[in-house]
Amino acid sequence: MKLGEKRATPYRVISVIILVILALLFLFPLYWIITGSLKPVTEILNPTPSFFPKEFTLNNFDRLFAKRSAPLWELAVPFSAQFSARHQPIIFSAGPTVPAAIRWLVNTVFMAVAAMLLTCITAAMAGYALAKKRFQGRAILFSLIVCAMALPKQVILIPLIKEISALHMWDSLWAVIVPTVGWPFGVFLMKQFSESIPGEILEAARIDGSSEWHTFYNVVTPMIKPGIGALAIFTFINSWNDYFLQLIMLGSGSNYTISLGIATLQSETSIDLGILMAGAALAAVPIIIVFLIFQKYFTQGITMGAVKG
């Protein structure tokens, strides 16, 4: 047997078979959504399900894009809504008119990317400080963060709405972004990664005259990059799928996310499964792209610390 080759033991074969079965089970909903978006409505409603489209069609996407239209983007005067008679922000720039689904997708991508970047930055700094800095009340502060992880979002909903309203952010994408930035799980995760940084390396950087910011950016950040990659995926998916917070904080159609927008296209008496499938398939594309970009760091992040030495 050549060096590096692994023997096909019964345990290894059974493990591979189980993993393949689990992978197929997890991929099946995505496959069903994508194939369903390419089926005619009559085939979707057929009592006998077809696992492969008998007739490919893009009619569902055509109807999705033809439902409504909206400007691609709108740049508003900050805090102008409180000075407006209708309490609507003053728009000084708007993009070209596109299907509303594209605008909703752009809103959702902006919201998720902004939440991902801000959460990774703040969580990395907070986790590093809690892991490597010694200050009074550090243990109590970390205990409060751990306790906050156990609180469901519904418990803090009323104080959160009052705070967002006081900051004049309600019915804007920032009303969904800002509550995500202080994600307790992100701070907890980055603290655990920062604990693995050798103190000798940080001390050597200080002896060389490195400032605190320079040490964090050039020494700490590369060492916790796998954790940041894992947190980026978690935050992006969490923000993208947070339908409850989006439903509460967003009121106007121009600020809808793709989930809210697709929900408004459904009537009270019937559900158009064709449009629903097309919208779900469209919404799945950015998540797949982000996972493919960060999958290397995600894999390193979830396996770091599993093997010593």
# chains A, B, ... in the order shown; residues from 1 in each chain; ligands from 1
>>> residues_around(residues="stretch 33-40 of chain A", least_positions_apart="4", cutoff="12 Å", atoms="only C-alpha atoms", output="ChimeraX atom specification")
/A:27-29,44-46,49-64,272-285
>>> select_by_dssp(residues="stretch 20-78 of chain A", states="strand (DSSP E)", output="list in words")
Ser69, Ala70, Pro71, Glu74, Leu75 and Ala76 of chain A
>>> select_by_dssp(residues="stretch 50-173 of chain A", states="helix (DSSP H, G or I)", output="number ranges by chain")
A: 59-66, 81-83, 100-132, 138-149, 157-166
>>> write_last_selection(atoms="C-alpha atoms", output="CSV table (one decimal), in the first residue's frame")
chain,number,residue,atom,x,y,z
A,59,ASN,CA,-42.9,31.3,-16.9
A,60,ASN,CA,-42.7,31.4,-13.1
A,61,PHE,CA,-39.8,33.8,-13.2
A,62,ASP,CA,-41.5,35.9,-15.9
A,63,ARG,CA,-44.6,36.2,-13.7
A,64,LEU,CA,-42.4,37.0,-10.6
A,65,PHE,CA,-40.6,39.8,-12.4
A,66,ALA,CA,-43.7,41.1,-14.0
A,81,ALA,CA,-38.5,61.2,7.7
A,82,GLN,CA,-39.0,63.0,11.1
A,83,PHE,CA,-39.1,66.4,9.3
A,100,ALA,CA,-39.6,44.6,-7.6
A,101,ALA,CA,-38.1,41.1,-7.0
A,102,ILE,CA,-34.7,42.4,-8.1
A,103,ARG,CA,-35.1,45.4,-5.7
A,104,TRP,CA,-36.0,43.1,-2.9
A,105,LEU,CA,-33.0,40.9,-3.6
A,106,VAL,CA,-30.7,43.9,-3.6
A,107,ASN,CA,-32.2,45.0,-0.3
A,108,THR,CA,-31.6,41.5,1.2
A,109,VAL,CA,-28.1,41.2,-0.1
A,110,PHE,CA,-27.2,44.7,1.3
A,111,MET,CA,-28.8,43.9,4.7
A,112,ALA,CA,-27.1,40.5,5.0
A,113,VAL,CA,-23.6,41.7,3.8
A,114,ALA,CA,-23.7,44.8,6.0
A,115,ALA,CA,-24.7,42.7,9.1
A,116,MET,CA,-22.1,40.2,8.3
A,117,LEU,CA,-19.2,42.7,8.0
A,118,LEU,CA,-20.2,44.7,11.1
A,119,THR,CA,-20.8,41.6,13.2
A,120,CYS,CA,-17.5,40.1,12.2
A,121,ILE,CA,-15.6,43.3,13.0
A,122,THR,CA,-17.3,44.0,16.4
A,123,ALA,CA,-17.3,40.3,17.5
A,124,ALA,CA,-13.6,39.8,16.6
A,125,MET,CA,-12.6,42.9,18.6
A,126,ALA,CA,-14.9,42.0,21.6
A,127,GLY,CA,-13.8,38.4,21.6
A,128,TYR,CA,-10.2,39.3,21.5
A,129,ALA,CA,-10.6,41.8,24.4
A,130,LEU,CA,-12.5,39.3,26.5
A,131,ALA,CA,-9.9,36.5,25.8
A,132,LYS,CA,-6.6,38.4,26.1
A,138,ARG,CA,-14.5,40.8,32.5
A,139,ALA,CA,-15.9,37.5,33.8
A,140,ILE,CA,-19.3,39.2,34.7
A,141,LEU,CA,-19.5,40.7,31.2
A,142,PHE,CA,-18.8,37.4,29.5
A,143,SER,CA,-21.4,35.7,31.7
A,144,LEU,CA,-24.0,38.3,30.7
A,145,ILE,CA,-23.1,37.6,27.0
A,146,VAL,CA,-23.6,33.9,27.5
A,147,CYS,CA,-26.9,34.4,29.3
A,148,ALA,CA,-28.0,36.7,26.4
A,149,MET,CA,-27.5,33.8,24.0
A,157,LEU,CA,-38.9,42.7,21.0
A,158,ILE,CA,-40.7,45.6,22.7
A,159,PRO,CA,-37.5,47.3,24.1
A,160,LEU,CA,-35.9,46.7,20.7
A,161,ILE,CA,-38.7,48.4,18.8
A,162,LYS,CA,-38.7,51.4,21.2
A,163,GLU,CA,-34.9,51.7,20.8
A,164,ILE,CA,-35.1,51.5,17.0
A,165,SER,CA,-37.9,54.1,16.9
A,166,ALA,CA,-36.0,56.4,19.2
>>> atom_distance(atom1="atom CA of A:Ala150", atom2="atom CA of A:Trp170")
25.5 Å
>>> atom_distance(atom1="atom CA of A:Gln266", atom2="atom CA of A:Pro286")
23.1 Å
